[in-house]
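The structure appears below as C-alpha cells.
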Amino acid sequence: MEEGLLHAVQGFMYPNEVELQWSILIVLYPFTTGLVAGAFILASLERVFNVAAVKPTYRLALLSALAFLLVAPLPLQLHLGHPERSFEMYLTPHTSSAMAMFGFIYLWYLMAVLVLEIWLDYRKDMVLLARSETGWKKTLYRVLTLGVDNISEESLRIDDKLGRFITIVGIPSAFLLHGYVGFIFGSIKANPWWSTPVMPIVFLFSAIVSGIALVLLMYMLVSFLKGIPIDMPCVDTIARYLMYAFLIDFSLEMLDLIHRIYEADESFKSLDFMVHTRLYTSQILVQIIFGTIVPISMLAFIQVVKLSEAARKGIYVLAGMLTLMGIFAMRWNVVIGGQLFSKSFLGYTTYKMAFATKEGLLPAILLMLLPFGILWVLVKLLPPFDVEKAAV
Amino acid sequence: MSSDRRDFLLTAGKLLVLTAPAAAYLEAMETGKAVEPAYKTAEHYWGMIVDVEKCIGCGNCVRACKTENDVPLEPYFFRTWVERYHVAGAAEHPDVDSPDGGFNGFPEKYAAGDGAKSFFVPKLCNQCAHSPCTQVCPVGATFESPDGAVLVDKTYCLGCRYCVQACPYGCRFIDPRTKTVDKCNLCYHRITKGLTTACCESCPTGARQLVDLKDPKDPVHEFLRTHKIQVLKPQLATGAKVFYNGLDGSVR
C-alpha cells in the first residue's frame with residue numbers, strides 16, 4: 001500500500017481521518033461571509049439607528065458587502081467533488097442539514113436584502129445616469145432600473161421608506177447569515193473543537209468586527225485614491241464601534257476558552273496539546289496576541305489619549321489590517337484546527353497546503369482578490385460618493 | 001409614460017405564473033414504472049455483533065471488504081479496519097495502532113507477558129439509527145434505509161464532505177475516483193439477496209456477525225440478552241447498531 005499522507009500523523013488517528021477534508025477554501029467561506037454580515041450591520045447603523053457620523057461609508061459598505069457576498073459561494077463550489085450537482089441543494093434540500101438551509105439564507109440575504117436595498121438606494125441615480133449617459137452604458141443603467149423610471153418626490157419617498165424597512169429586516173438577516181455559518185460548525189457533536197453553543201454568536205461578533213474593519217480600510221483607501229479628504233468624525237466613530245464589537249467578541253472567545261479549560265472534558269488534553277503545538281502560531285500569536293489584543297489596545301489608546309489626525313489615520317490602518325488578519329486566523333483555527341486532531345483523541349496530523357492546485361494557496365489568493373475587482377467595477381458603475389454631481 | 005415598481009412587479013408576476021403549466025407539463029412527461037421488489041426493506045432491521053474476544057487481528061475482513069466493495073487500496077480509505085489496543089496503565093492512555101488498517105494483519109510488536117492487556121477491535125460504520133452523518137447531508141444523498149442500513153446515493157452526493165466531518169467514528173471517506181463519499185453499507189448488494197457481508201463471511205473466528213433485529217429467529221436476541229454489550233461512544237447517542245461484546249473502556 002502507498003504511504004503518502006501517513007507521514008504527517010503523530011500518534012493514532014482513525015485511518016479515514018488521515019486525509020484532511022476541508023482546505024483553505026473552506027476557511028475563506030466563513031471569512032468572506034463574515035465580512036458581508038459585518039459591513040451590512042455597519043451600514044444599517046446609519047439607516048436604522050441614525051448614526052449620522054458613519055453616513056459617508058453607507059453606500060460603500062453596501063457595495064463591499066455585495067462584492068464579498070457574490071464571491072462567498074465560489075470557494076465552496078471549487079471545493080465540491082461535484083459542483084454541477086450543487087443546485088440540488090435548492091431543488092431537493094435536506095431540511096435537517098445546516099448546510100442546505102444556509103443556501104436559502106444566503107439567497108434570501110443576497111436577493112431580498114442586499115440587492116434590493118442597493119437597488120432602492122441607487123434607483124434615482126441609475127435613472128439619472130440612464131438619462132445622461134449614452135451607448136451601452138445607457139442601456140445598462142436602463143436594465144438596472146428594471147424599467148422603473150419614476151423619480152418623482154412621492155416615488156423616491158416610497159423608495160426610502162421601503163429601503164428603511166428592508167434594512168430593519170436586513171439586520172436580523174445579517175445576524176442570521178453569519179450566526180448560521182457558526183451553527184454549521186457549532187452543531188457538529190462529533191467534533192469537540194467545533195461543538196459549542198457559543199459558536200454562532202462568536203462567529204457573529206467576529207463577523208461584525210471584520211466587516212467594520214473592512215469598511216474602515218476601504219473607505220480610507222477609496223478616499224485616498226479619489227483624492228477626497230477623509231471625514232475624521234466618521235472614521236473616529238467607526239473605530240470606536242470596532243473597539244466595542246471587538247471587546248464583546250474577545251470576551252465571548254475567552255469565555256469559551258475558560259469554560260473549556262475549567263471543564264477539561266475528555267477532549268481537553270488533546271485540544272490543549274494541539275493549541276500548544278500545531279496551532280500555537282496561528283492561534284496564540286496571530287489570532288489572540290497580534291490579531292486581537294494589539295488592535296484592541298491601539299483602539300483603546302486612542303480613546304484615552306488625543307492624537308493628531310495623521311497619527312490616528314495611521315493607527316486605524318494598522319489596527320484595521322491586524323484585525324482582518326486576526327479574524328482570518330480565527331477562521332483558520334476553527335476550520336483547519338478542527339481537523340488536526342483525531343476524534344479518538346489519540347493523535348494529530350498537519351495540514352500541508354498546496355500552491356497551484358484546485359484547493360491550493362493560489363486559487364485562495366485569487367478568490368480573495370476577486371471581491372476587490374468586483375468592488376472596483378461596482379464603485380465605477382454605482383459611484384458611492386459623488387453621483388449627484390456627475391449625473392446632473 | 002414613466003414606469004413604476006408596481007408595473008415591474010405585475011410583469012414579473014405574469015411571467016412567474018407561466019412557469020406553473022410548464023412544470024405540470026414536465027411532470028406529466030415523467031413515466032414511473034413501479035417494480036415489486038423481492039426484498040422488502042420493512043421486513044428487516046440490520047445491525048452487527050462484533051465479539052472483541054474472538055478477534056485475532058488476521059485482517060481477513062479488511063481484505064475481503066476492499067475486494068468485495070472495490071475500496072481504494074491506499075491505507076487511508078477503509079470501509080472496515082481493525083485497531084490493536086495495548087493498555088499498560090490507565091485506560092485513558094492506551095497505545096493504539098492500525099498498520100494499513102489491519103489489511104496485512106498485525107506484525108508482532110508487544111512481548112508476551114509484558115503486564116499489559118492487548119486486543120483487537122474491528123471497526124466499521126455503526127449504521128446509527130440517529131446518524132449524525134445523514135443529518136447534515138445537504139441533499140439527502142446519504143440516508144437511513146427503513147431496513148436500518150445507512151446508505152449513500154453516489155449519483156446524488158455533492159462531495160461536500162460535511163458528513164465525513166459529522167461522523168464521530170471516522171467511518172467515511174471520499175473515494176478519489178468518484179469524488180463522492182463512501183462507507184460501509186453492510187454489503188447491501190449481498191444482504192438484500194439473502195447473503196451475509198463479505199467481512200462476516202471471511203471471518204475465521206466468527207467475531208463478526210450480521211444480525212437482523214427484526215427476525216425473531218435471529219440468534220442476536222439471545223446474544224444481546226446473555227452478554228454485556230456496548231456500543232462505541234454511547235455518550236453521543238447516535239443509536240449505533242454495531243454491538244460490541246467484551247469492549248474495553250479504553251476503546252474510542
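Residue numbers start at 1 in each chain; chains themselves are named A, B, ... in the order of the C-alpha cells; ligands are numbered from 1 in the order shown.
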Practice problem: Dump as number ranges by chain the residues of chain B that approach chain A to within 9 Å, counting only C-alpha atoms. | Solution: B: 1-8, 73-79, 81, 83, 93-101, 132, 134-141, 156-162, 164-174, 178-180, 236, 251-252
How would the residues just picked look written out with C-alpha atoms as a PDB file, in the first residue's frame?
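This went into result22.pdb:
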```pdb
ATOM      1  CA  MET B   1     -45.043  57.400 -19.558  1.00  0.00           C
ATOM      2  CA  SER B   2     -42.923  56.661 -16.531  1.00  0.00           C
ATOM      3  CA  SER B   3     -42.898  53.173 -15.195  1.00  0.00           C
ATOM      4  CA  ASP B   4     -43.272  52.283 -11.553  1.00  0.00           C
ATOM      5  CA  ARG B   5     -42.222  49.481  -9.230  1.00  0.00           C
ATOM      6  CA  ARG B   6     -45.835  48.286  -9.474  1.00  0.00           C
ATOM      7  CA  ASP B   7     -45.554  47.824 -13.261  1.00  0.00           C
ATOM      8  CA  PHE B   8     -42.387  45.823 -12.865  1.00  0.00           C
ATOM      9  CA  LEU B  73      -6.090   0.398  -1.696  1.00  0.00           C
ATOM     10  CA  GLU B  74      -4.445   3.463  -0.111  1.00  0.00           C
ATOM     11  CA  PRO B  75      -4.071   2.983   3.652  1.00  0.00           C
ATOM     12  CA  TYR B  76      -6.428   5.836   4.470  1.00  0.00           C
ATOM     13  CA  PHE B  77      -9.594   4.630   2.740  1.00  0.00           C
ATOM     14  CA  PHE B  78     -11.461   1.929   4.624  1.00  0.00           C
ATOM     15  CA  ARG B  79     -14.999   0.694   4.944  1.00  0.00           C
ATOM     16  CA  TRP B  81     -10.492  -1.668   9.585  1.00  0.00           C
ATOM     17  CA  GLU B  83      -7.324  -1.495  15.577  1.00  0.00           C
ATOM     18  CA  HIS B  93      -3.760   6.221  27.705  1.00  0.00           C
ATOM     19  CA  PRO B  94      -3.939   3.152  25.515  1.00  0.00           C
ATOM     20  CA  ASP B  95      -1.381   2.518  22.801  1.00  0.00           C
ATOM     21  CA  VAL B  96      -3.333   2.075  19.599  1.00  0.00           C
ATOM     22  CA  ASP B  97      -2.177   1.224  16.120  1.00  0.00           C
ATOM     23  CA  SER B  98      -3.738   0.048  12.910  1.00  0.00           C
ATOM     24  CA  PRO B  99      -0.992  -0.522  10.341  1.00  0.00           C
ATOM     25  CA  ASP B 100      -2.629  -0.383   6.889  1.00  0.00           C
ATOM     26  CA  GLY B 101      -5.935  -0.661   8.729  1.00  0.00           C
ATOM     27  CA  PRO B 132     -25.117  12.485  12.682  1.00  0.00           C
ATOM     28  CA  THR B 134     -27.232  11.712   7.417  1.00  0.00           C
ATOM     29  CA  GLN B 135     -28.495  14.625   9.491  1.00  0.00           C
ATOM     30  CA  VAL B 136     -26.034  17.038   7.909  1.00  0.00           C
ATOM     31  CA  CYS B 137     -26.146  15.905   4.253  1.00  0.00           C
ATOM     32  CA  PRO B 138     -27.394  18.964   2.352  1.00  0.00           C
ATOM     33  CA  VAL B 139     -29.247  16.973  -0.306  1.00  0.00           C
ATOM     34  CA  GLY B 140     -30.153  13.744   1.466  1.00  0.00           C
ATOM     35  CA  ALA B 141     -27.712  11.742  -0.659  1.00  0.00           C
ATOM     36  CA  TYR B 156     -26.537  12.398  -5.867  1.00  0.00           C
ATOM     37  CA  CYS B 157     -23.644  13.124  -3.492  1.00  0.00           C
ATOM     38  CA  LEU B 158     -22.123  16.592  -3.920  1.00  0.00           C
ATOM     39  CA  GLY B 159     -18.812  15.626  -2.370  1.00  0.00           C
ATOM     40  CA  CYS B 160     -19.057  18.459   0.180  1.00  0.00           C
ATOM     41  CA  ARG B 161     -17.536  16.250   2.915  1.00  0.00           C
ATOM     42  CA  TYR B 162     -19.809  17.578   5.643  1.00  0.00           C
ATOM     43  CA  VAL B 164     -17.216  12.980   6.890  1.00  0.00           C
ATOM     44  CA  GLN B 165     -16.808  15.727   9.479  1.00  0.00           C
ATOM     45  CA  ALA B 166     -20.012  14.741  11.246  1.00  0.00           C
ATOM     46  CA  CYS B 167     -19.235  11.035  11.712  1.00  0.00           C
ATOM     47  CA  PRO B 168     -17.789  10.612  15.222  1.00  0.00           C
ATOM     48  CA  TYR B 169     -16.233   7.253  14.340  1.00  0.00           C
ATOM     49  CA  GLY B 170     -14.192   8.162  11.257  1.00  0.00           C
ATOM     50  CA  CYS B 171     -16.108   5.708   9.089  1.00  0.00           C
ATOM     51  CA  ARG B 172     -16.438   7.834   5.978  1.00  0.00           C
ATOM     52  CA  PHE B 173     -14.022   8.832   3.252  1.00  0.00           C
ATOM     53  CA  ILE B 174     -14.156  10.434  -0.172  1.00  0.00           C
ATOM     54  CA  THR B 178     -15.780   9.167  -7.970  1.00  0.00           C
ATOM     55  CA  LYS B 179     -15.241  12.229  -5.731  1.00  0.00           C
ATOM     56  CA  THR B 180     -18.228  11.101  -3.708  1.00  0.00           C
ATOM     57  CA  LEU B 236     -23.046  10.763  21.658  1.00  0.00           C
ATOM     58  CA  VAL B 251     -11.619   1.870  23.258  1.00  0.00           C
ATOM     59  CA  ARG B 252     -12.520   5.082  21.463  1.00  0.00           C
TER      60      ARG B 252
END
```
Quiz item: range 109-150 of chain B: which residues are strand (DSSP E or B) by DSSP, as a VMD selection string?
Solution: chain B and resid 117 to 124 142 to 144 150
Keeping N, CA, C and O atoms, export the residues of the selection given above as a PDB file, in the first residue's frame.
```
ATOM      1  N   LYS B 117      -2.626  -5.523  28.820  1.00  0.00           N
ATOM      2  CA  LYS B 117      -3.612  -6.295  28.052  1.00  0.00           C
ATOM      3  C   LYS B 117      -3.629  -5.788  26.618  1.00  0.00           C
ATOM      4  O   LYS B 117      -3.439  -4.591  26.364  1.00  0.00           O
ATOM      5  N   SER B 118      -3.836  -6.693  25.702  1.00  0.00           N
ATOM      6  CA  SER B 118      -3.794  -6.353  24.294  1.00  0.00           C
ATOM      7  C   SER B 118      -4.953  -7.032  23.587  1.00  0.00           C
ATOM      8  O   SER B 118      -5.265  -8.188  23.891  1.00  0.00           O
ATOM      9  N   PHE B 119      -5.582  -6.326  22.686  1.00  0.00           N
ATOM     10  CA  PHE B 119      -6.734  -6.925  21.980  1.00  0.00           C
ATOM     11  C   PHE B 119      -7.004  -6.163  20.688  1.00  0.00           C
ATOM     12  O   PHE B 119      -6.502  -5.054  20.492  1.00  0.00           O
ATOM     13  N   PHE B 120      -7.783  -6.770  19.820  1.00  0.00           N
ATOM     14  CA  PHE B 120      -8.112  -6.165  18.526  1.00  0.00           C
ATOM     15  C   PHE B 120      -9.565  -5.693  18.508  1.00  0.00           C
ATOM     16  O   PHE B 120     -10.437  -6.354  19.062  1.00  0.00           O
ATOM     17  N   VAL B 121      -9.781  -4.572  17.852  1.00  0.00           N
ATOM     18  CA  VAL B 121     -11.150  -4.043  17.748  1.00  0.00           C
ATOM     19  C   VAL B 121     -11.484  -3.750  16.280  1.00  0.00           C
ATOM     20  O   VAL B 121     -10.978  -2.792  15.711  1.00  0.00           O
ATOM     21  N   PRO B 122     -12.288  -4.593  15.669  1.00  0.00           N
ATOM     22  CA  PRO B 122     -12.734  -4.287  14.296  1.00  0.00           C
ATOM     23  C   PRO B 122     -13.699  -3.100  14.307  1.00  0.00           C
ATOM     24  O   PRO B 122     -14.548  -3.008  15.191  1.00  0.00           O
ATOM     25  N   LYS B 123     -13.526  -2.222  13.347  1.00  0.00           N
ATOM     26  CA  LYS B 123     -14.398  -1.045  13.247  1.00  0.00           C
ATOM     27  C   LYS B 123     -15.069  -1.025  11.875  1.00  0.00           C
ATOM     28  O   LYS B 123     -14.486  -1.460  10.877  1.00  0.00           O
ATOM     29  N   LEU B 124     -16.264  -0.446  11.851  1.00  0.00           N
ATOM     30  CA  LEU B 124     -16.991  -0.262  10.595  1.00  0.00           C
ATOM     31  C   LEU B 124     -18.072   0.776  10.859  1.00  0.00           C
ATOM     32  O   LEU B 124     -18.219   1.227  11.996  1.00  0.00           O
ATOM     33  N   THR B 142     -27.153  10.795   1.502  1.00  0.00           N
ATOM     34  CA  THR B 142     -26.945   9.679   2.419  1.00  0.00           C
ATOM     35  C   THR B 142     -28.139   9.643   3.353  1.00  0.00           C
ATOM     36  O   THR B 142     -28.640  10.688   3.766  1.00  0.00           O
ATOM     37  N   PHE B 143     -28.614   8.438   3.625  1.00  0.00           N
ATOM     38  CA  PHE B 143     -29.894   8.331   4.329  1.00  0.00           C
ATOM     39  C   PHE B 143     -29.985   7.002   5.064  1.00  0.00           C
ATOM     40  O   PHE B 143     -29.250   6.061   4.747  1.00  0.00           O
ATOM     41  N   GLU B 144     -30.901   6.958   6.023  1.00  0.00           N
ATOM     42  CA  GLU B 144     -31.143   5.711   6.738  1.00  0.00           C
ATOM     43  C   GLU B 144     -32.262   4.962   6.027  1.00  0.00           C
ATOM     44  O   GLU B 144     -33.381   5.455   5.933  1.00  0.00           O
ATOM     45  N   VAL B 150     -27.451   2.410   6.693  1.00  0.00           N
ATOM     46  CA  VAL B 150     -27.212   3.799   6.294  1.00  0.00           C
ATOM     47  C   VAL B 150     -26.517   3.755   4.934  1.00  0.00           C
ATOM     48  O   VAL B 150     -25.432   3.193   4.794  1.00  0.00           O
TER      49      VAL B 150
END
```
Quiz item: So what do you get for CA of Leu35 in chain A versus CA of Leu324 in chain A, distance-wise?
Solution: 9.3 Å
Quiz item: DSSP says helix (DSSP H, G or I) for which residues of range 179-229 of chain B? Put them as a list in words?
Solution: Tyr188, His189, Arg190, Ile191, Ala198, Cys199, Cys200, Glu201, Ser202, Val220, His221, Glu222, Phe223, Leu224, Arg225 and Thr226 of chain B
Take the residues that were just selected and, keeping N, CA, C and O atoms, output them as a PDB file, in the first residue's frame.
```pdb
ATOM      1  N   TYR B 188     -24.627  -4.100   1.023  1.00  0.00           N
ATOM      2  CA  TYR B 188     -26.065  -4.051   0.747  1.00  0.00           C
ATOM      3  C   TYR B 188     -26.467  -4.897  -0.455  1.00  0.00           C
ATOM      4  O   TYR B 188     -27.546  -5.498  -0.480  1.00  0.00           O
ATOM      5  N   HIS B 189     -25.559  -4.969  -1.437  1.00  0.00           N
ATOM      6  CA  HIS B 189     -25.855  -5.790  -2.625  1.00  0.00           C
ATOM      7  C   HIS B 189     -25.924  -7.268  -2.269  1.00  0.00           C
ATOM      8  O   HIS B 189     -26.537  -8.059  -2.968  1.00  0.00           O
ATOM      9  N   ARG B 190     -25.290  -7.667  -1.172  1.00  0.00           N
ATOM     10  CA  ARG B 190     -25.311  -9.067  -0.750  1.00  0.00           C
ATOM     11  C   ARG B 190     -26.473  -9.341   0.207  1.00  0.00           C
ATOM     12  O   ARG B 190     -27.220 -10.312   0.017  1.00  0.00           O
ATOM     13  N   ILE B 191     -26.618  -8.480   1.212  1.00  0.00           N
ATOM     14  CA  ILE B 191     -27.620  -8.802   2.243  1.00  0.00           C
ATOM     15  C   ILE B 191     -29.042  -8.742   1.690  1.00  0.00           C
ATOM     16  O   ILE B 191     -29.930  -9.438   2.173  1.00  0.00           O
ATOM     17  N   ALA B 198     -19.295  -9.468   3.313  1.00  0.00           N
ATOM     18  CA  ALA B 198     -18.002 -10.057   2.956  1.00  0.00           C
ATOM     19  C   ALA B 198     -17.130 -10.243   4.196  1.00  0.00           C
ATOM     20  O   ALA B 198     -16.428 -11.242   4.321  1.00  0.00           O
ATOM     21  N   CYS B 199     -17.188  -9.283   5.129  1.00  0.00           N
ATOM     22  CA  CYS B 199     -16.333  -9.382   6.324  1.00  0.00           C
ATOM     23  C   CYS B 199     -16.774 -10.528   7.220  1.00  0.00           C
ATOM     24  O   CYS B 199     -15.950 -11.277   7.739  1.00  0.00           O
ATOM     25  N   CYS B 200     -18.095 -10.651   7.403  1.00  0.00           N
ATOM     26  CA  CYS B 200     -18.604 -11.739   8.243  1.00  0.00           C
ATOM     27  C   CYS B 200     -18.307 -13.091   7.598  1.00  0.00           C
ATOM     28  O   CYS B 200     -17.935 -14.049   8.270  1.00  0.00           O
ATOM     29  N   GLU B 201     -18.479 -13.134   6.282  1.00  0.00           N
ATOM     30  CA  GLU B 201     -18.252 -14.360   5.526  1.00  0.00           C
ATOM     31  C   GLU B 201     -16.810 -14.857   5.700  1.00  0.00           C
ATOM     32  O   GLU B 201     -16.550 -16.042   5.788  1.00  0.00           O
ATOM     33  N   SER B 202     -15.875 -13.873   5.745  1.00  0.00           N
ATOM     34  CA  SER B 202     -14.465 -14.263   5.724  1.00  0.00           C
ATOM     35  C   SER B 202     -13.843 -14.347   7.115  1.00  0.00           C
ATOM     36  O   SER B 202     -12.679 -14.698   7.247  1.00  0.00           O
ATOM     37  N   VAL B 220     -29.352 -13.209  17.484  1.00  0.00           N
ATOM     38  CA  VAL B 220     -28.924 -11.948  18.084  1.00  0.00           C
ATOM     39  C   VAL B 220     -29.682 -11.644  19.366  1.00  0.00           C
ATOM     40  O   VAL B 220     -29.114 -11.141  20.340  1.00  0.00           O
ATOM     41  N   HIS B 221     -30.956 -11.979  19.381  1.00  0.00           N
ATOM     42  CA  HIS B 221     -31.771 -11.632  20.556  1.00  0.00           C
ATOM     43  C   HIS B 221     -31.251 -12.336  21.807  1.00  0.00           C
ATOM     44  O   HIS B 221     -31.110 -11.733  22.861  1.00  0.00           O
ATOM     45  N   GLU B 222     -30.951 -13.616  21.640  1.00  0.00           N
ATOM     46  CA  GLU B 222     -30.380 -14.406  22.729  1.00  0.00           C
ATOM     47  C   GLU B 222     -29.014 -13.827  23.132  1.00  0.00           C
ATOM     48  O   GLU B 222     -28.708 -13.661  24.307  1.00  0.00           O
ATOM     49  N   PHE B 223     -28.232 -13.485  22.122  1.00  0.00           N
ATOM     50  CA  PHE B 223     -26.877 -12.971  22.368  1.00  0.00           C
ATOM     51  C   PHE B 223     -26.925 -11.663  23.153  1.00  0.00           C
ATOM     52  O   PHE B 223     -26.188 -11.470  24.121  1.00  0.00           O
ATOM     53  N   LEU B 224     -27.782 -10.751  22.732  1.00  0.00           N
ATOM     54  CA  LEU B 224     -27.874  -9.453  23.403  1.00  0.00           C
ATOM     55  C   LEU B 224     -28.358  -9.607  24.845  1.00  0.00           C
ATOM     56  O   LEU B 224     -27.991  -8.848  25.726  1.00  0.00           O
ATOM     57  N   ARG B 225     -29.192 -10.636  25.068  1.00  0.00           N
ATOM     58  CA  ARG B 225     -29.717 -10.877  26.417  1.00  0.00           C
ATOM     59  C   ARG B 225     -28.667 -11.445  27.358  1.00  0.00           C
ATOM     60  O   ARG B 225     -28.661 -11.167  28.541  1.00  0.00           O
ATOM     61  N   THR B 226     -27.766 -12.245  26.803  1.00  0.00           N
ATOM     62  CA  THR B 226     -26.869 -13.021  27.672  1.00  0.00           C
ATOM     63  C   THR B 226     -25.447 -12.460  27.729  1.00  0.00           C
ATOM     64  O   THR B 226     -24.577 -13.053  28.347  1.00  0.00           O
TER      65      THR B 226
END
```
Self-check item: Selection near Trp46 in chain B, 12 Å with only C-alpha atoms, sequence-local residues under 5 positions removed, as a ChimeraX atom specification
Solution: /B:41,126-129,144-150,185-188,191-192,196-197,209-215,218,220,240-243
Preceding selection exported with N, CA and C atoms as a CSV table (one decimal), in the first residue's frame:
```csv
chain,number,residue,atom,x,y,z
B,41,THR,N,-37.7,-3.9,2.4
B,41,THR,CA,-37.0,-3.2,3.5
B,41,THR,C,-37.7,-3.2,4.8
B,126,ASN,N,-21.3,2.3,12.0
B,126,ASN,CA,-22.2,1.7,13.1
B,126,ASN,C,-23.7,1.7,12.7
B,127,GLN,N,-23.9,2.1,11.4
B,127,GLN,CA,-25.3,2.1,10.9
B,127,GLN,C,-26.3,2.7,12.0
B,128,CYS,N,-25.9,3.9,12.4
B,128,CYS,CA,-26.6,4.6,13.5
B,128,CYS,C,-28.1,4.8,13.2
B,129,ALA,N,-28.9,4.6,14.2
B,129,ALA,CA,-30.4,4.9,14.0
B,129,ALA,C,-30.6,6.4,14.0
B,144,GLU,N,-30.9,7.0,6.0
B,144,GLU,CA,-31.1,5.7,6.7
B,144,GLU,C,-32.3,5.0,6.0
B,145,SER,N,-31.9,3.8,5.5
B,145,SER,CA,-32.9,3.0,4.9
B,145,SER,C,-33.9,2.4,5.9
B,146,PRO,N,-35.1,2.1,5.6
B,146,PRO,CA,-36.1,1.5,6.6
B,146,PRO,C,-35.5,0.2,7.2
B,147,ASP,N,-34.6,-0.5,6.5
B,147,ASP,CA,-34.1,-1.7,7.0
B,147,ASP,C,-32.9,-1.5,7.9
B,148,GLY,N,-32.6,-0.3,8.3
B,148,GLY,CA,-31.6,0.0,9.2
B,148,GLY,C,-30.2,0.3,8.7
B,149,ALA,N,-30.0,0.1,7.4
B,149,ALA,CA,-28.7,0.3,6.8
B,149,ALA,C,-28.6,1.8,6.4
B,150,VAL,N,-27.5,2.4,6.7
B,150,VAL,CA,-27.2,3.8,6.3
B,150,VAL,C,-26.5,3.8,4.9
B,185,ASN,N,-21.7,-0.2,3.8
B,185,ASN,CA,-23.2,-0.3,3.6
B,185,ASN,C,-23.7,-1.7,3.9
B,186,LEU,N,-22.9,-2.4,4.8
B,186,LEU,CA,-23.2,-3.8,5.2
B,186,LEU,C,-23.3,-4.6,3.9
B,187,CYS,N,-22.5,-4.4,2.9
B,187,CYS,CA,-22.6,-5.1,1.7
B,187,CYS,C,-24.0,-5.2,1.2
B,188,TYR,N,-24.6,-4.1,1.0
B,188,TYR,CA,-26.1,-4.1,0.7
B,188,TYR,C,-26.5,-4.9,-0.5
B,191,ILE,N,-26.6,-8.5,1.2
B,191,ILE,CA,-27.6,-8.8,2.2
B,191,ILE,C,-29.0,-8.7,1.7
B,192,THR,N,-29.2,-7.9,0.6
B,192,THR,CA,-30.6,-7.9,0.1
B,192,THR,C,-30.9,-9.1,-0.8
B,196,THR,N,-24.6,-13.0,3.6
B,196,THR,CA,-24.1,-12.1,4.7
B,196,THR,C,-23.0,-11.2,4.1
B,197,THR,N,-22.4,-10.4,4.9
B,197,THR,CA,-21.5,-9.4,4.4
B,197,THR,C,-20.1,-10.1,4.1
B,209,GLN,N,-20.7,-10.8,13.2
B,209,GLN,CA,-21.9,-11.5,12.7
B,209,GLN,C,-23.0,-10.5,12.3
B,210,LEU,N,-23.4,-10.6,11.1
B,210,LEU,CA,-24.5,-9.7,10.6
B,210,LEU,C,-25.8,-10.2,11.3
B,211,VAL,N,-26.6,-9.2,11.8
B,211,VAL,CA,-27.8,-9.6,12.5
B,211,VAL,C,-29.0,-8.9,12.0
B,212,ASP,N,-30.1,-9.5,12.0
B,212,ASP,CA,-31.4,-8.9,11.6
B,212,ASP,C,-32.3,-8.8,12.8
B,213,LEU,N,-32.3,-7.6,13.3
B,213,LEU,CA,-33.0,-7.4,14.6
B,213,LEU,C,-34.6,-7.6,14.5
B,214,LYS,N,-35.1,-7.6,13.3
B,214,LYS,CA,-36.5,-7.8,13.1
B,214,LYS,C,-36.8,-9.3,12.9
B,215,ASP,N,-35.8,-10.1,12.7
B,215,ASP,CA,-36.1,-11.5,12.5
B,215,ASP,C,-36.1,-12.2,13.9
B,218,ASP,N,-33.5,-14.8,14.7
B,218,ASP,CA,-32.1,-14.5,14.7
B,218,ASP,C,-31.5,-14.7,16.0
B,220,VAL,N,-29.4,-13.2,17.5
B,220,VAL,CA,-28.9,-11.9,18.1
B,220,VAL,C,-29.7,-11.6,19.4
B,240,ALA,N,-26.1,3.7,17.7
B,240,ALA,CA,-25.3,2.7,16.9
B,240,ALA,C,-25.8,1.3,16.9
B,241,LYS,N,-25.8,0.6,15.8
B,241,LYS,CA,-26.3,-0.7,15.7
B,241,LYS,C,-25.2,-1.8,15.5
B,242,VAL,N,-24.0,-1.4,15.8
B,242,VAL,CA,-22.9,-2.4,15.8
B,242,VAL,C,-22.6,-2.6,17.3
B,243,PHE,N,-23.0,-3.8,17.7
B,243,PHE,CA,-22.9,-4.1,19.2
B,243,PHE,C,-21.6,-4.9,19.5
```
Quiz item: Rounded to one decimal in Å, what is the spacing between CA of Ala329 in chain A and CA of Val27 in chain A?
Solution: 9.0 Å
Self-check item: 10 Å contact set for Arg278 in chain A, only C-alpha atoms, chain neighbours under 4 positions out, as a ChimeraX atom specification
Solution: /A:273-274,282-283,337,340-341,348-351
Quiz item: Hey, what's within 10 Å of Ile118 in chain A if we count only C-alpha atoms and toss same-chain stuff fewer than 4 positions away? As a list in words, please?
Solution: Arg59, Leu62, Leu63, Leu66, Val113, Leu114, Tyr122, Arg123, Gly163 and Leu382 of chain A
Quiz item: What does the distance between CA of Arg47 in chain A and CA of Phe246 in chain A come to in Å, to one decimal place?
Solution: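 Rounded to one decimal, the two atoms are 22.0 Å apart.
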